[in-house]
Amino acid sequence: MKYRYLALSLLTLALTLACSTRSAAAQNPRLLGTAKPKVLGSVVATEGRSVALPGRPAARRSRKGSEDADPDALARAVLAEVNAVRRRAGARPLRADAALTRAATRYAQELASRREIEHVSRTPGRRTFRQRIAAAGGRARIAGENLARMTASPSSLPERAVRAWMRSPGHRANMLDRSYARTGIGVWLGRDGVWYVVQEFATAD
């Protein structure tokens with residue numbers, strides 16, 4: 001019976017990779033958290049770097065249907081989910097910021113082309129999330145970033161991304177941090193049929 005349950009679990013496994021980090025304004029922002037991955041059901045989360053899911057590789061998912069989804073609408077839906085959990089925790093909702101949204105969207109597109117999640121970009125001048133925010137015309141005294149990579153239908157993506165982040169202490173801390181007032185979210189579908197989600201956080205100043 002145990003082996004039958006394991007087989008069913010493997011058949012229903014959906015890949016989710018997530019990554020989070022935060023820094024105050026500095027020339028060399030430090031990535032916070034541990035390098036050791038925490039396996040949370042079907043979620044593999046690290047704070048500060050990404051890891052591969054142990055065992056089976058990610059299943060390739062059909063792009064049919066997903067290709068027609070509006071990334072901007074999905075980003076707004078992710079924000080609605082994030083603000084819902086913030087309200088339940090007694091934190092004020094985040095407001096969308098145009099510069100942070102540009103930074104998040106561009107980085108989601110880059111990660112989709114790379115087919116991986118990592119806080120360090122390969123683009124000169126945009127290697128850290130603080131540099132990416134500045135390059136998009138934004139600024140922040142304190143900033144943070146959450147990343148996710150997952151297979152999901154467009155309708156389930158926003159809820160699943162936020163649920164995965166809530167299960168990881170680092171991501172949860174970023175989402176519920178009361179010092180953050182602004183955010184930008186980027187969502188992009190990779191050619192591998194996997195969604196890449198980037199959320200930038202910033203204080204009001």
# chains A, B, ... in the order shown; residues from 1 in each chain; ligands from 1
call {"tool": "closest_atom_pairs", "arguments": {"of": "segment 149-172 of chain A", "to": "segment 81-102 of chain A", "cutoff": "12 Å", "atoms": "only C-alpha atoms", "output": "CSV"}}
result
residue,atom,partner,partner_atom,distance
A:Ser156,CA,A:Glu81,CA,11.3
A:Leu157,CA,A:Glu81,CA,10.5
A:Pro158,CA,A:Glu81,CA,6.7
A:Glu159,CA,A:Glu81,CA,6.4
A:Arg160,CA,A:Glu81,CA,9.6
A:Ala161,CA,A:Glu81,CA,9.1
A:Val162,CA,A:Val82,CA,6.4
A:Arg163,CA,A:Glu81,CA,9.0
A:Ala164,CA,A:Val82,CA,11.5
A:Trp165,CA,A:Val82,CA,9.6
A:Met166,CA,A:Val85,CA,8.8
A:His171,CA,A:Val82,CA,11.1
A:Arg172,CA,A:Val85,CA,9.7
call {"tool": "closest_residue", "arguments": {"among": "A:Val197, A:Asp70, A:Gly186, A:Ala202", "to": "Leu147 of chain A", "atoms": "only C-alpha atoms"}}
result
A:Val197
call {"tool": "atom_distance", "arguments": {"atom1": "atom CA of Ala135 of chain A", "atom2": "atom CA of Pro154 of chain A"}}
result
29.2 Å
call {"tool": "closest_residue", "arguments": {"among": "A:Arg115, A:Ala104, A:Val194, A:Trp188", "to": "Gln131 of chain A", "atoms": "only C-alpha atoms"}}
result
A:Ala104
call {"tool": "closest_residue", "arguments": {"among": "A:Ile142, A:Arg191, A:Ala136, A:Ala204", "to": "Thr105 of chain A", "atoms": "only C-alpha atoms"}}
result
A:Ala136
call {"tool": "closest_residue", "arguments": {"among": "A:Glu145, A:Glu200, A:Asp192, A:Asp72", "to": "Glu118 of chain A", "atoms": "only C-alpha atoms"}}
result
A:Glu145
call {"tool": "atom_distance", "arguments": {"atom1": "atom CA of Arg141 of chain A", "atom2": "atom CA of Arg114 of chain A"}}
result
29.4 Å
call {"tool": "atom_distance", "arguments": {"atom1": "atom CA of Ser155 of chain A", "atom2": "atom CA of Ala69 of chain A"}}
result
9.0 Å
call {"tool": "closest_residue", "arguments": {"among": "A:Val198, A:Ala103, A:Ala134, A:Val120", "to": "Met150 of chain A", "atoms": "only C-alpha atoms"}}
result
A:Val198
